[in-house]
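Note: the block below is target_38.txt and it holds compact mmCIF, C-alpha atoms and all ligand atoms.
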```txt
# COMPACT_ATOMS: atom_id res chain seq x y z
CA MET A 1 24.70 -63.92 -8.49
CA PRO A 2 24.65 -65.46 -12.01
CA SER A 3 25.10 -63.01 -14.84
CA SER A 4 21.83 -62.36 -16.62
CA PRO A 5 21.27 -62.22 -20.36
CA PRO A 6 21.48 -58.78 -21.94
CA PRO A 7 18.30 -56.73 -22.30
CA ALA A 8 16.26 -56.98 -25.45
CA ALA A 9 18.01 -53.98 -26.91
CA THR A 10 18.43 -55.65 -30.26
CA THR A 11 14.73 -55.33 -31.04
CA GLY A 12 13.37 -52.23 -29.32
CA PRO A 13 14.90 -48.92 -28.20
CA ARG A 14 17.83 -49.25 -25.84
CA TRP A 15 17.19 -49.20 -22.11
CA LEU A 16 19.44 -50.10 -19.23
CA ARG A 17 19.10 -52.50 -16.34
CA PHE A 18 20.35 -51.30 -12.95
CA SER A 19 23.54 -53.31 -13.43
CA GLU A 20 24.29 -51.41 -16.65
CA ILE A 21 23.86 -47.88 -15.32
CA ALA A 22 27.17 -46.01 -14.97
CA GLY A 23 27.80 -44.44 -11.59
CA GLN A 24 24.83 -43.64 -9.33
CA ARG A 25 25.42 -46.62 -7.06
CA GLU A 26 24.27 -44.75 -3.97
CA ALA A 27 20.99 -43.67 -5.61
CA ILE A 28 20.35 -47.21 -6.88
CA TRP A 29 21.23 -48.59 -3.47
CA ARG A 30 18.64 -46.34 -1.78
CA VAL A 31 15.92 -47.54 -4.13
CA GLN A 32 16.96 -51.17 -3.75
CA ALA A 33 17.05 -50.96 0.04
CA ALA A 34 13.60 -49.35 0.19
CA ALA A 35 12.11 -51.92 -2.19
CA ALA A 36 13.63 -54.84 -0.28
CA ALA A 37 12.19 -53.52 2.96
CA GLY A 38 8.76 -53.10 1.34
CA ARG A 39 9.06 -49.36 1.89
CA LEU A 40 9.26 -48.06 -1.66
CA HIS A 41 7.36 -44.78 -1.41
CA HIS A 42 4.61 -44.13 -3.96
CA ALA A 43 6.40 -41.00 -5.20
CA LEU A 44 10.14 -40.57 -5.79
CA LEU A 45 11.99 -37.43 -6.79
CA LEU A 46 15.22 -38.15 -8.64
CA ASP A 47 17.35 -35.04 -8.83
CA GLY A 48 20.76 -34.52 -10.36
CA PRO A 49 22.43 -32.76 -13.31
CA ALA A 50 21.04 -33.21 -16.82
CA GLY A 51 22.15 -36.49 -18.32
CA CYS A 52 23.48 -38.09 -15.14
CA GLY A 53 21.12 -41.07 -15.49
CA LYS A 54 17.83 -40.05 -13.84
CA THR A 55 15.54 -41.34 -16.57
CA SER A 56 17.67 -44.46 -17.03
CA LEU A 57 17.32 -45.19 -13.33
CA ALA A 58 13.55 -44.63 -13.44
CA VAL A 59 13.14 -46.97 -16.42
CA ALA A 60 15.38 -49.59 -14.79
CA LEU A 61 13.15 -49.45 -11.74
CA ALA A 62 9.98 -49.75 -13.81
CA ALA A 63 11.48 -52.72 -15.66
CA ALA A 64 12.60 -54.40 -12.44
CA LEU A 65 9.19 -53.99 -10.82
CA SER A 66 7.43 -55.41 -13.90
CA CYS A 67 9.94 -58.20 -14.67
CA ARG A 68 8.37 -61.66 -14.52
CA SER A 69 11.45 -63.71 -13.87
CA ARG A 70 13.34 -61.92 -11.19
CA PRO A 71 13.53 -63.22 -7.63
CA ALA A 72 11.81 -61.40 -4.77
CA PRO A 73 13.92 -58.40 -3.77
CA THR A 74 16.41 -58.97 -0.99
CA ALA A 75 18.40 -56.34 0.85
CA PRO A 76 21.45 -55.08 -1.04
CA ALA A 77 24.92 -55.31 0.51
CA PRO A 78 25.85 -52.44 2.86
CA LEU A 79 26.36 -49.15 1.03
CA ASP A 80 30.12 -49.00 1.68
CA ALA A 81 30.61 -52.46 0.18
CA VAL A 82 28.46 -51.54 -2.82
CA LEU A 83 30.41 -48.32 -3.43
CA GLN A 84 33.72 -50.19 -3.36
CA ALA A 85 32.70 -53.28 -5.35
CA PRO A 86 34.39 -53.72 -8.75
CA GLU A 87 32.44 -53.42 -12.01
CA PRO A 88 30.16 -54.92 -13.10
CA LEU A 89 27.87 -54.83 -10.12
CA SER A 90 24.75 -56.95 -9.91
CA TRP A 91 21.77 -55.83 -7.87
CA PRO A 92 19.27 -58.02 -6.00
CA LEU A 93 16.35 -56.17 -7.61
CA ASP A 94 16.98 -55.97 -11.34
CA ALA A 95 15.13 -56.76 -14.54
CA CYS A 96 16.11 -59.98 -16.31
CA GLY A 97 16.10 -58.25 -19.69
CA SER A 98 14.52 -61.13 -21.57
CA CYS A 99 11.11 -62.09 -20.15
CA PRO A 100 7.95 -61.00 -22.03
CA SER A 101 7.61 -57.94 -19.78
CA CYS A 102 11.24 -56.87 -20.21
CA ARG A 103 10.95 -57.32 -23.97
CA LYS A 104 8.17 -54.71 -24.00
CA MET A 105 10.33 -52.11 -22.26
CA PRO A 106 10.51 -49.18 -22.60
CA ASP A 107 7.16 -49.18 -24.45
CA HIS A 108 5.49 -51.29 -21.78
CA PRO A 109 1.77 -50.54 -21.21
CA ASP A 110 2.50 -50.12 -17.49
CA LEU A 111 5.20 -47.53 -18.05
CA LEU A 112 3.75 -44.06 -18.67
CA ARG A 113 5.86 -41.03 -19.38
CA LEU A 114 5.12 -37.35 -19.06
CA SER A 115 7.47 -34.76 -20.50
CA VAL A 116 7.41 -31.41 -22.27
CA GLU A 117 5.92 -31.98 -25.72
CA GLU A 118 7.79 -30.93 -28.83
CA GLY A 119 7.49 -27.19 -29.44
CA LYS A 120 6.18 -26.51 -25.91
CA THR A 121 8.00 -25.18 -22.86
CA ARG A 122 5.78 -26.68 -20.17
CA ILE A 123 4.07 -29.93 -19.28
CA ALA A 124 0.36 -29.16 -19.78
CA ILE A 125 -2.48 -29.94 -17.41
CA GLU A 126 -4.19 -32.10 -20.09
CA GLN A 127 -1.17 -34.40 -20.12
CA VAL A 128 -1.40 -34.84 -16.35
CA ARG A 129 -5.17 -35.39 -16.50
CA ASP A 130 -4.76 -38.15 -19.10
CA VAL A 131 -2.22 -39.96 -16.96
CA ALA A 132 -4.24 -39.45 -13.77
CA ALA A 133 -7.30 -40.98 -15.47
CA GLU A 134 -5.29 -44.06 -16.35
CA MET A 135 -3.87 -44.29 -12.83
CA ALA A 136 -7.40 -44.74 -11.50
CA TYR A 137 -7.40 -48.24 -13.06
CA PRO A 138 -5.23 -51.17 -12.02
CA PRO A 139 -2.03 -51.76 -14.04
CA HIS A 140 -2.49 -53.79 -17.26
CA GLU A 141 -0.24 -56.70 -16.47
CA SER A 142 2.39 -55.70 -13.91
CA PRO A 143 2.07 -55.59 -10.14
CA CYS A 144 2.86 -51.90 -10.41
CA ARG A 145 2.49 -49.16 -13.00
CA THR A 146 5.31 -46.61 -13.17
CA VAL A 147 4.67 -43.01 -14.21
CA ILE A 148 7.82 -41.07 -15.04
CA VAL A 149 7.52 -37.28 -15.04
CA ARG A 150 10.64 -35.96 -16.76
CA GLN A 151 11.80 -32.39 -16.09
CA ALA A 152 9.16 -32.07 -13.39
CA ASP A 153 10.28 -28.46 -12.83
CA ARG A 154 8.60 -27.72 -16.17
CA LEU A 155 5.10 -28.62 -15.04
CA SER A 156 2.77 -25.68 -15.64
CA PRO A 157 1.29 -24.40 -12.36
CA GLU A 158 -2.07 -26.02 -13.21
CA ALA A 159 -0.37 -29.28 -14.19
CA ALA A 160 1.62 -29.24 -10.97
CA ASN A 161 -1.52 -28.83 -8.90
CA ALA A 162 -3.24 -31.66 -10.79
CA LEU A 163 -0.23 -33.90 -10.19
CA LEU A 164 -0.20 -32.91 -6.53
CA LYS A 165 -3.70 -34.38 -6.17
CA THR A 166 -2.54 -37.77 -7.43
CA LEU A 167 0.37 -37.65 -4.98
CA GLU A 168 -1.87 -36.68 -2.07
CA GLU A 169 -4.35 -39.45 -2.76
CA PRO A 170 -2.17 -42.27 -4.05
CA THR A 171 -3.93 -45.23 -5.62
CA ARG A 172 -2.58 -48.74 -5.14
CA GLY A 173 -0.40 -50.11 -7.89
CA ASN A 174 1.03 -46.78 -9.04
CA LEU A 175 4.55 -45.48 -8.59
CA VAL A 176 5.26 -41.89 -9.66
CA VAL A 177 8.90 -41.01 -10.38
CA LEU A 178 9.68 -37.34 -10.95
CA THR A 179 13.03 -36.29 -12.37
CA THR A 180 14.58 -32.84 -12.31
CA SER A 181 17.88 -31.02 -12.41
CA ARG A 182 16.24 -28.03 -10.69
CA PRO A 183 14.41 -29.31 -7.59
CA ALA A 184 14.05 -25.76 -6.23
CA PHE A 185 11.63 -25.04 -9.07
CA LEU A 186 9.10 -27.65 -7.96
CA LEU A 187 6.12 -26.76 -5.81
CA PRO A 188 7.21 -27.27 -2.19
CA THR A 189 4.02 -29.28 -1.68
CA ILE A 190 5.09 -31.68 -4.46
CA ARG A 191 8.62 -31.97 -3.08
CA SER A 192 7.29 -32.78 0.36
CA ARG A 193 5.13 -35.64 -0.99
CA CYS A 194 8.10 -37.34 -2.60
CA VAL A 195 11.05 -39.26 -1.24
CA ARG A 196 14.08 -37.53 -2.67
CA VAL A 197 16.78 -39.67 -4.28
CA PRO A 198 19.77 -37.49 -5.16
CA LEU A 199 21.95 -38.53 -8.11
CA ARG A 200 25.51 -37.31 -8.38
CA PRO A 201 27.30 -35.70 -11.30
CA LEU A 202 29.17 -38.43 -13.21
CA PRO A 203 32.92 -38.28 -12.49
CA PRO A 204 34.93 -36.98 -15.49
CA GLY A 205 36.63 -40.38 -15.94
CA THR A 206 33.32 -42.25 -16.15
CA LEU A 207 31.87 -39.64 -18.47
CA ARG A 208 34.89 -39.74 -20.73
CA ARG A 209 34.65 -43.52 -21.01
CA LEU A 210 30.95 -43.32 -21.92
CA LEU A 211 31.59 -40.53 -24.41
CA ALA A 212 34.43 -42.39 -26.11
CA ARG A 213 32.00 -45.27 -26.67
CA THR A 214 29.30 -42.97 -28.11
CA PHE A 215 31.68 -40.80 -30.16
CA PRO A 216 34.40 -43.21 -31.36
CA ASP A 217 35.70 -40.64 -33.87
CA ALA A 218 36.09 -37.74 -31.42
CA SER A 219 39.64 -36.61 -30.70
CA ASP A 220 41.17 -37.15 -27.27
CA ALA A 221 41.28 -33.39 -26.70
CA SER A 222 37.57 -33.00 -27.50
CA LEU A 223 36.67 -35.91 -25.21
CA ASP A 224 38.73 -34.42 -22.37
CA LEU A 225 37.11 -31.04 -22.85
CA ALA A 226 33.56 -32.39 -23.04
CA ALA A 227 34.07 -34.58 -19.97
CA GLY A 228 35.67 -31.72 -18.05
CA LEU A 229 33.17 -29.08 -19.06
CA SER A 230 29.91 -30.92 -18.69
CA ALA A 231 29.57 -30.68 -14.91
CA GLY A 232 28.97 -34.42 -14.74
CA GLY A 233 26.00 -34.52 -17.10
CA MET A 234 26.02 -36.77 -20.16
CA SER A 235 23.47 -34.59 -22.01
CA ARG A 236 25.66 -31.54 -21.68
CA ALA A 237 28.77 -33.51 -22.64
CA LYS A 238 27.03 -34.74 -25.80
CA GLU A 239 25.94 -31.19 -26.64
CA ILE A 240 29.50 -29.97 -26.23
CA LEU A 241 30.83 -32.72 -28.49
CA ALA A 242 28.07 -32.22 -31.04
CA GLY A 243 28.90 -28.51 -31.08
CA ASP A 244 32.42 -27.27 -31.30
CA PRO A 245 34.27 -27.53 -27.98
CA GLY A 246 37.26 -25.71 -29.45
CA ALA A 247 35.08 -22.73 -30.41
CA ALA A 248 33.55 -22.57 -26.93
CA MET A 249 37.02 -22.45 -25.41
CA THR A 250 38.13 -19.74 -27.84
CA ALA A 251 35.11 -17.64 -26.88
CA MET A 252 35.96 -18.17 -23.20
CA GLY A 253 39.55 -17.13 -23.81
CA ASP A 254 38.35 -13.91 -25.49
CA PHE A 255 36.07 -13.27 -22.53
CA GLY A 256 38.93 -13.76 -20.04
CA ARG A 257 41.20 -11.37 -21.95
CA ALA A 258 38.48 -8.72 -22.37
CA VAL A 259 37.77 -8.82 -18.63
CA ASP A 260 41.49 -8.47 -18.03
CA THR A 261 41.82 -5.29 -20.10
CA GLY A 262 38.43 -3.93 -19.06
CA ASP A 263 37.89 -2.35 -22.47
CA LEU A 264 34.14 -1.89 -22.93
CA ALA A 265 34.05 -2.56 -26.69
CA GLY A 266 36.11 -5.71 -26.15
CA LEU A 267 33.78 -6.85 -23.36
CA LEU A 268 30.66 -6.39 -25.49
CA ALA A 269 32.28 -8.23 -28.41
CA ALA A 270 33.24 -11.10 -26.11
CA VAL A 271 29.70 -11.35 -24.76
CA GLU A 272 28.37 -11.29 -28.32
CA ALA A 273 30.38 -14.44 -29.06
CA LEU A 274 28.86 -16.27 -26.08
CA GLY A 275 25.46 -17.91 -25.77
CA PRO A 276 22.69 -16.10 -27.62
CA ASP A 277 19.97 -18.10 -25.85
CA ARG A 278 19.26 -19.10 -22.28
CA ASP A 279 20.56 -22.68 -22.48
CA ARG A 280 23.79 -21.70 -24.20
CA ALA A 281 24.31 -18.80 -21.79
CA ALA A 282 23.78 -21.15 -18.83
CA ALA A 283 26.26 -23.61 -20.33
CA ASP A 284 28.77 -20.82 -20.87
CA LEU A 285 28.45 -19.78 -17.24
CA ASP A 286 29.05 -23.37 -16.10
CA LEU A 287 32.15 -23.48 -18.29
CA LEU A 288 33.31 -20.15 -16.92
CA LEU A 289 33.05 -21.48 -13.37
CA VAL A 290 35.21 -24.47 -14.26
CA LEU A 291 37.82 -22.20 -15.85
CA LEU A 292 37.90 -19.90 -12.84
CA ARG A 293 38.22 -22.90 -10.57
CA ASP A 294 41.10 -24.21 -12.68
CA ARG A 295 42.75 -20.78 -12.59
CA LEU A 296 42.81 -20.91 -8.77
CA ALA A 297 43.85 -24.57 -8.74
CA SER A 298 46.79 -23.99 -11.07
CA ALA A 299 47.89 -20.95 -9.03
CA ALA A 300 47.88 -23.19 -5.96
CA GLY A 301 49.78 -25.93 -7.79
CA GLN A 302 46.81 -28.31 -7.68
CA SER A 303 45.50 -30.45 -10.51
CA THR A 304 42.97 -28.83 -12.83
CA LEU A 305 39.67 -30.30 -14.02
CA LEU A 306 40.30 -29.49 -17.65
CA GLY A 307 43.93 -30.58 -17.81
CA THR A 308 46.22 -29.27 -20.48
CA THR A 309 43.60 -29.39 -23.25
CA ALA A 310 42.11 -26.14 -22.03
CA SER A 311 45.40 -24.48 -21.14
CA SER A 312 45.02 -21.62 -23.62
CA ALA A 313 41.63 -20.65 -22.19
CA VAL A 314 42.90 -21.04 -18.64
CA ALA A 315 45.88 -18.87 -19.60
CA ALA A 316 43.47 -16.09 -20.58
CA PHE A 317 42.47 -15.91 -16.92
CA ALA A 318 46.03 -16.19 -15.63
CA ARG A 319 46.43 -12.42 -15.39
CA HIS A 320 43.31 -12.06 -13.23
CA PRO A 321 44.52 -11.61 -9.63
CA PRO A 322 43.44 -14.57 -7.44
CA GLU A 323 41.36 -12.26 -5.17
CA ALA A 324 39.46 -11.15 -8.27
CA VAL A 325 38.96 -14.72 -9.45
CA ALA A 326 37.25 -15.58 -6.18
CA VAL A 327 34.92 -12.59 -6.61
CA GLU A 328 34.29 -13.53 -10.24
CA GLY A 329 33.22 -17.01 -9.19
CA GLY A 330 30.57 -15.45 -6.94
CA LEU A 331 29.44 -13.16 -9.77
CA VAL A 332 29.11 -16.09 -12.19
CA SER A 333 27.01 -18.00 -9.66
CA GLU A 334 24.81 -14.95 -9.21
CA ALA A 335 24.40 -14.60 -12.98
CA ARG A 336 23.50 -18.29 -13.18
CA ARG A 337 20.76 -17.82 -10.56
CA ASN A 338 19.44 -14.76 -12.38
CA LEU A 339 19.22 -16.74 -15.60
CA GLU A 340 17.29 -19.49 -13.84
CA ALA A 341 14.95 -16.79 -12.56
CA ASN A 342 14.29 -15.75 -16.16
CA ALA A 343 16.64 -12.78 -16.53
CA ASN A 344 17.49 -11.74 -20.09
CA PRO A 345 20.56 -13.84 -21.15
CA GLN A 346 22.28 -11.08 -23.13
CA LEU A 347 21.85 -8.46 -20.39
CA THR A 348 22.95 -10.97 -17.75
CA LEU A 349 26.18 -11.74 -19.61
CA GLU A 350 26.86 -8.03 -20.19
CA TRP A 351 26.32 -7.31 -16.51
CA LEU A 352 28.63 -10.18 -15.62
CA ALA A 353 31.38 -9.06 -17.99
CA THR A 354 31.47 -5.51 -16.64
CA ALA A 355 31.18 -6.66 -13.01
CA CYS A 356 34.10 -9.08 -13.51
CA ALA A 357 36.16 -6.35 -15.17
CA ARG A 358 35.48 -4.08 -12.19
CA ALA A 359 36.49 -6.87 -9.79
CA VAL A 360 39.78 -7.37 -11.64
CA ALA A 361 40.50 -3.62 -11.70
CA ARG A 362 39.67 -3.33 -7.99
CA ALA A 363 41.94 -6.24 -7.10
CA ARG A 364 44.78 -4.64 -9.12
CA ARG A 365 44.43 -1.43 -7.14
CA GLY A 366 44.59 -3.96 -4.35
CA SER A 367 46.35 -2.56 -1.36
CA SER A 368 45.92 1.07 -2.41
CA PRO A 369 44.09 2.96 0.39
CA ASP A 370 40.95 3.67 -1.64
CA GLY A 371 40.91 0.21 -3.30
ZN ZN B 401 12.30 -59.69 -17.08
```
Structure re-expressed in structure tokens:
Amino acid sequence: MPSSPPPAATTGPRWLRFSEIAGQREAIWRVQAAAAAGRLHHALLLDGPAGCGKTSLAVALAAALSCRSRPAPTAPAPLDAVLQAPEPLSWPLDACGSCPSCRKMPDHPDLLRLSVEEGKTRIAIEQVRDVAAEMAYPPHESPCRTVIVRQADRLSPEAANALLKTLEEPTRGNLVVLTTSRPAFLLPTIRSRCVRVPLRPLPPGTLRRLLARTFPDASDASLDLAAGLSAGGMSRAKEILAGDPGAAMTAMGDFGRAVDTGDLAGLLAAVEALGPDRDRAAADLDLLLVLLRDRLASAAGQSTLLGTTASSAVAAFARHPPEAVAVEGGLVSEARRNLEANANPQLTLEWLATACARAVARARRGSSPDG
């Protein structure tokens, strides 16, 4: 396939064609295969960690469907071949990047976007009503209008029910693409109306490469940390780099040592230094899971996710007995679920710290009869 000209990123905001999206080949392949077979469902649910490319994929699809100078979609190569093909990969269904339609992306009149408005926590029913009213009319100029609902788990209950109606009674010429990192928080009735397209966390190597391009001045150690700590999500990796990855690791080290000694004042001080709000607390828990995983991996002589850059924080967990570390991992996951279910972040972290300290103490008593 001939290489196509680059998208019109020089004039408008940057958007990516399928061929430019990092990772996610399997998800793209699923969409391509369905489109080529004429079976692209009217509602897709893209789910994967924050910043793994869900919105990019949705916009690439909208652009491809609206592009005026692309050939009719043909079936992509078999998945195995696609997964093993060298970069860059070209796709049979992709936007040209330079036709009049592509030049309007991502502000194309047939690309509508719904997301949580600034200062709000939910997508409101009025937003859904506005979009639904427009969906009753044919697209302006494309064969298909694409409606992207970002963070669909944040639809208010009323908004979710209004959206459900549009999914239950689809009108021709509309494609709805929902994105979420928390599919369990969608109405089951909405989930069941959508074809799910799972996206994977970006591998640390891919993430690191992307980060190095975005943050050319970041140190190697910071890039390693951000790539290792972000659980495969570019958004999280950028947050880590924009913040202070070194400080986050120091706070984790303090937490690991406080759990080790079990001293209550130390535990509360360590928790104090962690995330004051829900998002930070959730991020801290993700980081904690990676550290605990690395602690077990290094004990077993296996390679660690964080490498040597995080060795001082990993060392803080080195004195935790391996049996305790396994229990701690379960406790962290439980705390993470509680946070998602709206538990108070501070109380959750305090509960976690004391429960971990108890697990470590219990494992130390270990083989004692009452242990
Ligand atoms: Zn085009």
Return the padded bounding box of range 177-183 of chain A as AutoDock Vina command-line options: axis-aligned, built from all atoms listed in the file, 3 Å added on each side, with centre and edge lengths in Å to one decimal.
```
--center_x 13.4 --center_y -34.5 --center_z -10.0 --size_x 15.0 --size_y 19.0 --size_z 10.8
```
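Separating CA of Val360 in chain A from CA of Ala247 in chain A is a distance of 24.7 Å.
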**Message:** Show me which residues are within 10 Å of ligand ZN 401 (chain B) counting only C-alpha atoms and all ligand atoms, and format the list as JSON, numbers by chain.
**Reply:** {"A": [4, 5, 7, 8, 17, 63, 64, 65, 66, 67, 68, 69, 70, 94, 95, 96, 97, 98, 99, 100, 101, 102, 103, 104, 105]}
**Request:** Excluding range 85-87 of chain A and any residue of its chain fewer than 4 positions from it, enumerate the residues within 12 Å of it, using all atoms listed in the file, and give them as a PyMOL selection string.
**Result:** chain A and resi 19-23+25+77-81+91+206
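For the pair CA of Ile148 in chain A and CA of Leu178 in chain A, the separation is 5.8 Å.
You can rank A:Glu158, A:Lys165, A:Ala313, A:Val271 by their closest distance to Ile125 in chain A using only C-alpha atoms, and at the top of that list sits A:Glu158.
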**Request:** Could you pull out every residue with an atom within 12 Å of (33.9, -21.9, -9.8), file coordinates, counting only C-alpha atoms, and send them as a PyMOL selection string?
**Result:** chain A and resi 229+231+285-297+304-305+325-334+336
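Across A:Pro170, A:Asp254, A:Ala221, A:Glu141, the tightest approach to Ala273 in chain A is made by A:Asp254 when counting only C-alpha atoms.
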**Message:** Excluding Ala132 in chain A and its own-chain neighbours fewer than 5 positions away, which residues fall within 9 Å of it when counting all atoms listed in the file? Please give them as a list in words.
**Reply:** Gln127, Ala162, Leu163 and Thr166 of chain A
For range 37-49 of chain A, where the input has fewer atoms than it should, I would like N, CA and C atoms rebuilt and written as a PDB file, in the frame of the given file.
```
ATOM      1  N   ALA A  37      12.845 -53.637   1.662  1.00  0.00           N
ATOM      2  CA  ALA A  37      12.190 -53.520   2.960  1.00  0.00           C
ATOM      3  C   ALA A  37      10.685 -53.314   2.813  1.00  0.00           C
ATOM      4  N   GLY A  38      10.198 -53.325   1.563  1.00  0.00           N
ATOM      5  CA  GLY A  38       8.760 -53.100   1.340  1.00  0.00           C
ATOM      6  C   GLY A  38       8.369 -51.667   1.638  1.00  0.00           C
ATOM      7  N   ARG A  39       9.342 -50.753   1.549  1.00  0.00           N
ATOM      8  CA  ARG A  39       9.060 -49.360   1.890  1.00  0.00           C
ATOM      9  C   ARG A  39       9.270 -48.432   0.699  1.00  0.00           C
ATOM     10  N   LEU A  40       9.089 -48.939  -0.502  1.00  0.00           N
ATOM     11  CA  LEU A  40       9.260 -48.060  -1.660  1.00  0.00           C
ATOM     12  C   LEU A  40       8.091 -47.078  -1.677  1.00  0.00           C
ATOM     13  N   HIS A  41       8.384 -45.814  -1.495  1.00  0.00           N
ATOM     14  CA  HIS A  41       7.360 -44.780  -1.410  1.00  0.00           C
ATOM     15  C   HIS A  41       6.620 -44.683  -2.741  1.00  0.00           C
ATOM     16  N   HIS A  42       5.382 -44.185  -2.718  1.00  0.00           N
ATOM     17  CA  HIS A  42       4.610 -44.130  -3.960  1.00  0.00           C
ATOM     18  C   HIS A  42       5.058 -42.991  -4.871  1.00  0.00           C
ATOM     19  N   ALA A  43       5.908 -42.100  -4.354  1.00  0.00           N
ATOM     20  CA  ALA A  43       6.400 -41.000  -5.200  1.00  0.00           C
ATOM     21  C   ALA A  43       7.874 -40.763  -4.904  1.00  0.00           C
ATOM     22  N   LEU A  44       8.700 -40.816  -5.945  1.00  0.00           N
ATOM     23  CA  LEU A  44      10.140 -40.570  -5.790  1.00  0.00           C
ATOM     24  C   LEU A  44      10.509 -39.328  -6.579  1.00  0.00           C
ATOM     25  N   LEU A  45      11.460 -38.588  -6.054  1.00  0.00           N
ATOM     26  CA  LEU A  45      11.990 -37.430  -6.790  1.00  0.00           C
ATOM     27  C   LEU A  45      13.474 -37.668  -7.026  1.00  0.00           C
ATOM     28  N   LEU A  46      13.813 -37.954  -8.291  1.00  0.00           N
ATOM     29  CA  LEU A  46      15.220 -38.150  -8.640  1.00  0.00           C
ATOM     30  C   LEU A  46      15.792 -36.820  -9.086  1.00  0.00           C
ATOM     31  N   ASP A  47      16.774 -36.299  -8.363  1.00  0.00           N
ATOM     32  CA  ASP A  47      17.350 -35.040  -8.830  1.00  0.00           C
ATOM     33  C   ASP A  47      18.850 -35.139  -8.977  1.00  0.00           C
ATOM     34  N   GLY A  48      19.332 -34.483 -10.029  1.00  0.00           N
ATOM     35  CA  GLY A  48      20.760 -34.520 -10.360  1.00  0.00           C
ATOM     36  C   GLY A  48      20.937 -33.806 -11.685  1.00  0.00           C
ATOM     37  N   PRO A  49      22.198 -33.534 -12.074  1.00  0.00           N
ATOM     38  CA  PRO A  49      22.430 -32.760 -13.310  1.00  0.00           C
ATOM     39  C   PRO A  49      21.885 -33.461 -14.545  1.00  0.00           C
TER      40      PRO A  49
END
```
